[in-house]
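J.: Sharing work31.cif here; it has mmCIF, C-alpha atoms and all ligand atoms.
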data_model
loop_
_atom_site.group_PDB
_atom_site.id
_atom_site.type_symbol
_atom_site.label_atom_id
_atom_site.label_comp_id
_atom_site.auth_asym_id
_atom_site.auth_seq_id
_atom_site.Cartn_x
_atom_site.Cartn_y
_atom_site.Cartn_z
ATOM 1 C CA MET A 33 -23.817 16.525 -48.831
ATOM 2 C CA ARG A 34 -20.236 15.638 -48.050
ATOM 3 C CA ILE A 35 -17.523 18.327 -48.219
ATOM 4 C CA ASP A 36 -13.829 17.607 -47.685
ATOM 5 C CA VAL A 37 -11.298 20.412 -47.377
ATOM 6 C CA VAL A 38 -7.525 20.015 -47.753
ATOM 7 C CA SER A 39 -5.338 22.850 -46.452
ATOM 8 C CA ILE A 40 -2.109 23.534 -44.592
ATOM 9 C CA PHE A 41 -4.174 25.805 -42.305
ATOM 10 C CA PRO A 42 -7.101 23.691 -41.064
ATOM 11 C CA ALA A 43 -7.739 26.271 -38.299
ATOM 12 C CA PHE A 44 -9.273 28.618 -40.892
ATOM 13 C CA PHE A 45 -12.220 26.239 -41.060
ATOM 14 C CA GLU A 46 -13.070 26.256 -37.352
ATOM 15 C CA ALA A 47 -15.596 28.966 -38.192
ATOM 16 C CA LEU A 48 -17.673 26.272 -39.932
ATOM 17 C CA GLU A 49 -18.603 25.045 -36.451
ATOM 18 C CA VAL A 50 -20.746 28.123 -35.751
ATOM 19 C CA SER A 51 -23.992 29.580 -37.081
ATOM 20 C CA LEU A 52 -26.187 27.972 -39.714
ATOM 21 C CA LEU A 53 -23.573 25.666 -41.195
ATOM 22 C CA GLY A 54 -22.496 24.531 -37.730
ATOM 23 C CA ARG A 55 -26.085 23.609 -36.955
ATOM 24 C CA ALA A 56 -26.442 21.785 -40.286
ATOM 25 C CA ARG A 57 -23.348 19.755 -39.477
ATOM 26 C CA GLY A 58 -24.744 18.864 -36.066
ATOM 27 C CA ALA A 59 -27.993 17.784 -37.719
ATOM 28 C CA GLY A 60 -26.122 15.550 -40.172
ATOM 29 C CA ILE A 61 -27.207 17.543 -43.261
ATOM 30 C CA LEU A 62 -23.634 18.599 -44.061
ATOM 31 C CA ASP A 63 -20.751 16.187 -43.486
ATOM 32 C CA ILE A 64 -17.716 18.513 -43.543
ATOM 33 C CA ARG A 65 -14.237 17.073 -42.965
ATOM 34 C CA VAL A 66 -11.106 19.207 -42.851
ATOM 35 C CA HIS A 67 -7.701 17.630 -43.562
ATOM 36 C CA ASP A 68 -4.188 18.940 -42.949
ATOM 37 C CA LEU A 69 -2.168 18.522 -46.160
ATOM 38 C CA ARG A 70 0.951 18.012 -44.034
ATOM 39 C CA ASP A 71 -0.513 14.727 -42.768
ATOM 40 C CA SER A 72 0.112 13.464 -46.316
ATOM 41 C CA THR A 73 3.847 14.225 -46.208
ATOM 42 C CA HIS A 74 6.486 11.710 -45.128
ATOM 43 C CA ASP A 75 9.628 13.734 -44.507
ATOM 44 C CA ARG A 76 10.747 15.065 -41.155
ATOM 45 C CA HIS A 77 9.929 18.654 -42.072
ATOM 46 C CA ARG A 78 6.482 17.835 -43.499
ATOM 47 C CA THR A 79 7.440 19.695 -46.680
ATOM 48 C CA VAL A 80 4.627 20.817 -48.975
ATOM 49 C CA ASP A 81 6.427 23.255 -51.301
ATOM 50 C CA ASP A 82 9.534 23.645 -53.445
ATOM 51 C CA THR A 83 11.115 26.099 -55.880
ATOM 52 C CA PRO A 84 9.517 26.558 -59.327
ATOM 53 C CA TYR A 85 11.033 24.948 -62.426
ATOM 54 C CA GLY A 86 11.997 27.684 -64.855
ATOM 55 C CA GLY A 87 12.699 30.093 -62.019
ATOM 56 C CA GLY A 88 10.653 32.932 -60.663
ATOM 57 C CA ALA A 89 9.511 34.268 -57.327
ATOM 58 C CA GLY A 90 7.847 32.215 -54.635
ATOM 59 C CA MET A 91 7.313 28.540 -54.033
ATOM 60 C CA VAL A 92 5.069 25.939 -55.650
ATOM 61 C CA MET A 93 3.156 23.231 -53.808
ATOM 62 C CA LYS A 94 4.612 19.767 -54.469
ATOM 63 C CA PRO A 95 2.404 17.185 -56.186
ATOM 64 C CA GLU A 96 3.002 14.127 -53.965
ATOM 65 C CA PRO A 97 1.213 15.247 -50.774
ATOM 66 C CA TRP A 98 -1.728 16.517 -52.829
ATOM 67 C CA ALA A 99 -2.061 13.243 -54.728
ATOM 68 C CA GLU A 100 -2.020 11.212 -51.540
ATOM 69 C CA ALA A 101 -4.548 13.442 -49.763
ATOM 70 C CA LEU A 102 -6.961 13.606 -52.719
ATOM 71 C CA GLN A 103 -6.744 9.898 -53.455
ATOM 72 C CA THR A 104 -7.407 8.976 -49.822
ATOM 73 C CA ILE A 105 -10.497 11.198 -49.771
ATOM 74 C CA ALA A 106 -11.826 9.908 -53.112
ATOM 75 C CA THR A 107 -11.317 6.274 -52.075
ATOM 76 C CA ASP A 108 -12.772 6.767 -48.599
ATOM 77 C CA ALA A 109 -15.814 8.420 -50.135
ATOM 78 C CA GLU A 110 -16.704 5.228 -51.971
ATOM 79 C CA ALA A 111 -18.457 4.352 -48.711
ATOM 80 C CA PRO A 112 -21.956 5.842 -48.301
ATOM 81 C CA PRO A 113 -23.475 8.372 -47.813
ATOM 82 C CA GLY A 114 -22.760 10.085 -51.086
ATOM 83 C CA GLY A 115 -20.503 7.167 -51.928
ATOM 84 C CA GLY A 116 -19.855 5.561 -55.263
ATOM 85 C CA GLN A 117 -19.919 8.889 -57.105
ATOM 86 C CA HIS A 118 -16.870 10.749 -58.283
ATOM 87 C CA PRO A 119 -16.317 13.920 -56.274
ATOM 88 C CA ILE A 120 -16.046 17.401 -57.742
ATOM 89 C CA PHE A 121 -12.619 18.818 -56.884
ATOM 90 C CA ILE A 122 -12.659 22.590 -56.469
ATOM 91 C CA PHE A 123 -9.372 24.455 -56.417
ATOM 92 C CA PRO A 124 -9.889 28.080 -55.371
ATOM 93 C CA SER A 125 -7.695 30.144 -57.680
ATOM 94 C CA PRO A 126 -7.615 33.730 -58.937
ATOM 95 C CA ALA A 127 -6.908 32.098 -62.335
ATOM 96 C CA GLY A 128 -10.215 30.201 -62.295
ATOM 97 C CA GLU A 129 -13.727 30.773 -63.645
ATOM 98 C CA VAL A 130 -15.662 33.332 -61.584
ATOM 99 C CA PHE A 131 -17.921 32.029 -58.791
ATOM 100 C CA THR A 132 -21.528 33.245 -58.994
ATOM 101 C CA GLN A 133 -24.872 32.403 -57.396
ATOM 102 C CA ALA A 134 -25.469 30.106 -60.390
ATOM 103 C CA THR A 135 -22.218 28.251 -59.601
ATOM 104 C CA ALA A 136 -23.320 27.897 -55.980
ATOM 105 C CA GLY A 137 -26.714 26.526 -57.028
ATOM 106 C CA GLU A 138 -25.158 24.016 -59.382
ATOM 107 C CA LEU A 139 -22.598 22.784 -56.831
ATOM 108 C CA ALA A 140 -25.272 22.533 -54.103
ATOM 109 C CA GLU A 141 -26.725 19.580 -56.055
ATOM 110 C CA ALA A 142 -23.511 17.547 -55.910
ATOM 111 C CA PRO A 143 -23.209 14.737 -53.343
ATOM 112 C CA HIS A 144 -19.501 15.276 -52.711
ATOM 113 C CA LEU A 145 -17.240 18.330 -53.044
ATOM 114 C CA VAL A 146 -13.515 18.411 -52.270
ATOM 115 C CA PHE A 147 -11.824 21.817 -51.809
ATOM 116 C CA GLY A 148 -8.055 21.884 -52.373
ATOM 117 C CA CYS A 149 -6.661 25.085 -50.879
ATOM 118 C CA GLY A 150 -3.346 26.174 -52.354
ATOM 119 C CA ARG A 151 -0.876 28.618 -50.807
ATOM 120 C CA TYR A 152 2.330 30.147 -52.145
ATOM 121 C CA GLU A 153 2.437 30.717 -55.920
ATOM 122 C CA GLY A 154 0.138 27.784 -56.585
ATOM 123 C CA ILE A 155 -0.031 24.019 -56.911
ATOM 124 C CA ASP A 156 2.014 21.931 -59.387
ATOM 125 C CA GLU A 157 -0.186 21.827 -62.504
ATOM 126 C CA ARG A 158 -0.038 18.023 -62.693
ATOM 127 C CA VAL A 159 -2.163 17.789 -59.542
ATOM 128 C CA PHE A 160 -5.176 19.056 -61.520
ATOM 129 C CA ASP A 161 -4.658 16.410 -64.205
ATOM 130 C CA TYR A 162 -4.326 13.739 -61.534
ATOM 131 C CA ALA A 163 -7.498 14.882 -59.744
ATOM 132 C CA ALA A 164 -9.343 14.696 -63.081
ATOM 133 C CA GLU A 165 -8.751 10.928 -62.989
ATOM 134 C CA LEU A 166 -10.525 10.721 -59.620
ATOM 135 C CA GLY A 167 -13.457 13.014 -60.356
ATOM 136 C CA SER A 168 -14.197 16.313 -62.067
ATOM 137 C CA VAL A 169 -12.050 19.387 -61.526
ATOM 138 C CA ARG A 170 -12.925 23.096 -61.374
ATOM 139 C CA LEU A 171 -10.639 26.031 -60.716
ATOM 140 C CA ILE A 172 -12.839 28.774 -59.281
ATOM 141 C CA SER A 173 -12.123 32.418 -58.390
ATOM 142 C CA LEU A 174 -14.120 34.728 -56.138
ATOM 143 C CA GLY A 175 -13.316 37.741 -58.288
ATOM 144 C CA ASP A 176 -10.588 39.903 -59.701
ATOM 145 C CA TYR A 177 -8.339 40.410 -56.692
ATOM 146 C CA VAL A 178 -5.690 38.294 -54.991
ATOM 147 C CA LEU A 179 -5.873 36.529 -51.626
ATOM 148 C CA ASN A 180 -2.932 34.850 -49.916
ATOM 149 C CA GLY A 181 -4.383 31.398 -50.383
ATOM 150 C CA GLY A 182 -7.504 29.428 -51.143
ATOM 151 C CA GLU A 183 -8.760 29.126 -47.559
ATOM 152 C CA VAL A 184 -10.842 32.294 -47.298
ATOM 153 C CA ALA A 185 -12.196 31.730 -50.796
ATOM 154 C CA ALA A 186 -13.135 28.125 -49.943
ATOM 155 C CA MET A 187 -14.929 29.348 -46.807
ATOM 156 C CA ALA A 188 -16.964 31.803 -48.863
ATOM 157 C CA MET A 189 -17.872 29.155 -51.427
ATOM 158 C CA ILE A 190 -18.763 26.566 -48.771
ATOM 159 C CA GLU A 191 -21.107 29.050 -47.121
ATOM 160 C CA ALA A 192 -22.719 30.109 -50.407
ATOM 161 C CA ILE A 193 -23.156 26.475 -51.510
ATOM 162 C CA GLY A 194 -24.034 25.014 -48.100
ATOM 163 C CA ARG A 195 -26.909 27.406 -47.452
ATOM 164 C CA LEU A 196 -28.590 26.202 -50.671
ATOM 165 C CA VAL A 197 -28.578 22.565 -49.531
ATOM 166 C CA PRO A 198 -32.145 21.655 -48.496
ATOM 167 C CA GLY A 199 -32.619 21.865 -44.719
ATOM 168 C CA VAL A 200 -29.636 24.133 -44.008
ATOM 169 C CA VAL A 201 -31.649 27.382 -44.061
ATOM 170 C CA GLY A 202 -34.784 26.872 -41.948
ATOM 171 C CA ASN A 203 -37.140 28.978 -44.098
ATOM 172 C CA PRO A 204 -36.492 28.208 -47.796
ATOM 173 C CA ALA A 205 -38.589 31.282 -48.766
ATOM 174 C CA SER A 206 -35.763 33.449 -47.434
ATOM 175 C CA LEU A 207 -33.520 32.074 -50.190
ATOM 176 C CA VAL A 208 -35.788 33.312 -52.958
ATOM 177 C CA GLU A 209 -35.956 37.092 -52.442
ATOM 178 C CA GLU A 210 -32.304 37.970 -52.147
ATOM 179 C CA SER A 211 -29.620 39.617 -54.213
ATOM 180 C CA HIS A 212 -28.555 37.730 -57.343
ATOM 181 C CA GLU A 213 -31.315 35.101 -57.224
ATOM 182 C CA ASP A 214 -33.166 36.881 -60.037
ATOM 183 C CA GLY A 215 -30.177 38.681 -61.550
ATOM 184 C CA LEU A 216 -30.947 41.881 -59.622
ATOM 185 C CA LEU A 217 -29.764 43.323 -56.316
ATOM 186 C CA GLU A 218 -32.045 42.981 -53.317
ATOM 187 C CA TYR A 219 -34.637 45.665 -52.462
ATOM 188 C CA PRO A 220 -34.090 47.732 -49.263
ATOM 189 C CA SER A 221 -35.507 46.409 -45.977
ATOM 190 C CA TYR A 222 -36.917 48.260 -42.956
ATOM 191 C CA THR A 223 -38.229 47.319 -39.518
ATOM 192 C CA LYS A 224 -39.759 49.156 -36.567
ATOM 193 C CA PRO A 225 -39.818 52.011 -35.573
ATOM 194 C CA ALA A 226 -41.602 53.600 -38.559
ATOM 195 C CA ALA A 227 -39.994 56.968 -37.731
ATOM 196 C CA TRP A 228 -36.410 57.028 -36.471
ATOM 197 C CA ARG A 229 -34.031 59.967 -36.063
ATOM 198 C CA GLY A 230 -35.961 61.996 -38.612
ATOM 199 C CA ARG A 231 -36.000 59.188 -41.157
ATOM 200 C CA ASP A 232 -39.317 57.597 -42.118
ATOM 201 C CA VAL A 233 -39.904 54.158 -43.551
ATOM 202 C CA PRO A 234 -41.232 54.555 -47.144
ATOM 203 C CA PRO A 235 -45.036 54.968 -46.653
ATOM 204 C CA VAL A 236 -45.931 52.341 -49.282
ATOM 205 C CA LEU A 237 -44.537 49.648 -46.956
ATOM 206 C CA LEU A 238 -47.080 50.672 -44.285
ATOM 207 C CA SER A 239 -49.976 50.800 -46.774
ATOM 208 C CA GLY A 240 -50.999 47.139 -46.601
ATOM 209 C CA ASN A 241 -51.321 47.252 -50.420
ATOM 210 C CA HIS A 242 -49.407 44.129 -51.440
ATOM 211 C CA GLY A 243 -49.503 44.887 -55.150
ATOM 212 C CA ALA A 244 -48.111 48.386 -54.607
ATOM 213 C CA ILE A 245 -45.431 47.016 -52.262
ATOM 214 C CA ALA A 246 -44.319 44.391 -54.790
ATOM 215 C CA ALA A 247 -44.165 47.025 -57.560
ATOM 216 C CA TRP A 248 -42.174 49.432 -55.356
ATOM 217 C CA ARG A 249 -39.703 46.706 -54.391
ATOM 218 C CA ARG A 250 -39.173 45.720 -58.016
ATOM 219 C CA GLU A 251 -38.538 49.390 -58.959
ATOM 220 C CA GLN A 252 -36.035 49.680 -56.123
ATOM 221 C CA GLN A 253 -34.256 46.534 -57.283
ATOM 222 C CA ILE A 254 -33.897 47.869 -60.820
ATOM 223 C CA GLU A 255 -32.867 51.342 -59.649
ATOM 224 C CA ARG A 256 -30.111 50.067 -57.339
ATOM 225 C CA THR A 257 -28.894 47.524 -59.828
ATOM 226 C CA ARG A 258 -28.604 50.275 -62.457
ATOM 227 C CA ALA A 259 -26.712 52.519 -59.984
ATOM 228 C CA ARG A 260 -24.392 49.940 -58.434
ATOM 229 C CA ARG A 261 -24.114 47.071 -60.883
ATOM 230 C CA PRO A 262 -25.066 48.163 -64.407
ATOM 231 C CA ASP A 263 -23.133 45.151 -65.701
ATOM 232 C CA LEU A 264 -25.936 42.899 -64.370
ATOM 233 C CA LEU A 265 -28.401 44.699 -66.636
ATOM 234 C CA GLY A 266 -26.075 44.432 -69.622
ATOM 235 C CA GLU A 267 -25.581 48.216 -69.539
HETATM 236 CL CL1 LIG B 301 -10.310 31.528 -55.218
HETATM 237 N N1 LIG B 301 -7.916 32.351 -54.479
HETATM 238 C C1 LIG B 301 -6.999 33.289 -54.262
HETATM 239 N N2 LIG B 301 -5.807 32.946 -53.792
HETATM 240 N N3 LIG B 301 -7.201 34.562 -54.507
HETATM 241 C C2 LIG B 301 -8.411 34.880 -54.974
HETATM 242 C C3 LIG B 301 -9.420 33.955 -55.195
HETATM 243 C C4 LIG B 301 -9.128 32.670 -54.943
HETATM 244 N N4 LIG B 301 -10.504 34.571 -55.660
HETATM 245 C C5 LIG B 301 -10.184 35.844 -55.719
HETATM 246 N N5 LIG B 301 -8.917 36.036 -55.292
#
Could you quickly redo this structure as structure tokens?

T.:
Amino acid sequence: MRIDVVSIFPAFFEALEVSLLGRARGAGILDIRVHDLRDSTHDRHRTVDDTPYGGGAGMVMKPEPWAEALQTIATDAEAPPGGGQHPIFIFPSPAGEVFTQATAGELAEAPHLVFGCGRYEGIDERVFDYAAELGSVRLISLGDYVLNGGEVAAMAMIEAIGRLVPGVVGNPASLVEESHEDGLLEYPSYTKPAAWRGRDVPPVLLSGNHGAIAAWRREQQIERTRARRPDLLGE
């Protein structure tokens, strides 16, 4: 899978060089390229923002640098691998649809994603219309709170999506039994020692009875989901 990221703070994405995603990049499974939006400006001050029409607080990101950066990426991507297909442009935004595990699974199937990370009060709305001529466009939010820009949100989405790409996580079985994969929160996990500071591991887990263990884990999942996230149960 190819992932391009456009941002005025490319340094945020240095963390993609470590851990599982870093290894997947080294192995050629993920082709991640980070671009500085200011490289698509042509004035001496490398200006990316301006005051909003109609007034109001804050600054808005100008359309021209965005158009140049996105067009260059879309055109360049015509070359394989993943070439010839229109990219999916993702603009992290608190005004977008909410990102879920289902969103991650869907996007993990795409050959080419482009993340456009806005700062300030947002990006000139015409950029989204322009991007829609180059590929498909999604505005996506992590949840109902506000970050200073799209970078941290893009990082979270790239990790959630990237780990679902075949070969990124060594043991695919570990992707199955985790929170949100079946609409429930994960069951609690324990390791050795069986007794620790007066706290014992639940005896059923030491019983060797696989049916009883599976039933206990399912009960735990339902119980915690009801306590912490009743919305997932429609309650
Ligand atoms: Cl995707 N962007 C920003 N700026 N804030 C957010 C968000 C995204 N998701 C939640 N808060």

J.: I would like the residues chosen by the PyMOL selection byres (((not hetatm)) within 8 of (chain B and resi 301)) on the shown file; could you give them as a PyMOL selection string?

T.: chain A and resi 123-128+130+150-151+171-186

J.: At a cut-off of 8 Å, using all atoms listed in the file, what residues contact stretch 93-103 of chain A? Leave out same-chain residues fewer than 3 positions from it and give the result as a VMD selection string.

T.: chain A and resid 38 69 to 70 72 to 73 80 to 82 106 to 107 150 to 156 158 to 159 162 to 163 166

J.: Tell me, in Å to one decimal, how far atom CA of A:Ala164 is from atom CA of A:Phe121.

T.: 8.1 Å

J.: Quick one: everything within 10 Å of stretch 248-261 of chain A, counting only C-alpha atoms, minus sequence neighbours fewer than 6 positions away in the same chain. Send it as a list of chain:residue names.

T.: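 Listing them by chain and then by number gives A:Ser211, A:Gly215, A:Leu216, A:Leu217, A:Glu218, A:Tyr219, A:Pro220, A:Ser221, A:Pro234, A:Val236, A:Leu237, A:His242, A:Glu267.
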
J.: Dump C-alpha atoms for the selected residues as a JSON list (two decimals), in the frame of the given file?

T.:
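Dumped everything to again28.json:
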[["chain", "number", "residue", "atom", "x", "y", "z"],
["A", 211, "SER", "CA", -29.62, 39.62, -54.21],
["A", 215, "GLY", "CA", -30.18, 38.68, -61.55],
["A", 216, "LEU", "CA", -30.95, 41.88, -59.62],
["A", 217, "LEU", "CA", -29.76, 43.32, -56.32],
["A", 218, "GLU", "CA", -32.04, 42.98, -53.32],
["A", 219, "TYR", "CA", -34.64, 45.66, -52.46],
["A", 220, "PRO", "CA", -34.09, 47.73, -49.26],
["A", 221, "SER", "CA", -35.51, 46.41, -45.98],
["A", 234, "PRO", "CA", -41.23, 54.56, -47.14],
["A", 236, "VAL", "CA", -45.93, 52.34, -49.28],
["A", 237, "LEU", "CA", -44.54, 49.65, -46.96],
["A", 242, "HIS", "CA", -49.41, 44.13, -51.44],
["A", 267, "GLU", "CA", -25.58, 48.22, -69.54]]

J.: Quick check on the file I pasted: which residues fall under the PyMOL selection byres (((chain A and resi 132-141) around 10) and not hetatm)? Write them as a list in words.

T.: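 Evaluating the PyMOL selection byres (((chain A and resi 132-141) around 10) and not hetatm) on these coordinates yields Met33, Ile120, Ile122, Glu129, Val130, Phe131, Ala142, Pro143, His144, Leu145, Ile172, Ser173, Leu174, Gly175, Met189, Ile190, Glu191, Ala192, Ile193, Gly194, Arg195, Leu196, Val197, Pro198, Ser211, His212, Glu213, Asp214 and Gly215 of chain A.
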
J.: What would the selection look like, as a ChimeraX atom specification, if the PyMOL selection byres (((chain A and resi 68) around 7) and not hetatm) were run on the coordinates I just shared?

T.: /A:38-42,66-67,69-71

J.: What separation in Å, quoted to one decimal, exists between atom CA of A:Val233 and atom CA of A:Ser206?

T.: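 A separation of 21.5 Å between them.
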
J.: Please report the interatomic distance between atom CA of A:Ile35 and atom CA of A:Arg55 in Å with one decimal.

T.: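 Distance reported for this atom pair: 15.1 Å.
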
J.: Would you pick out the contacts of A:Gly199 at 12 Å or less, using all atoms listed in the file, so that residues sharing its chain but fewer than 6 positions from it are not included, and give the list as a list of chain:residue names?

T.: A:Met33, A:Leu52, A:Leu53, A:Arg55, A:Ala56, A:Arg57, A:Ala59, A:Gly60, A:Ile61, A:Leu62, A:Ala140, A:Ala205, A:Leu207
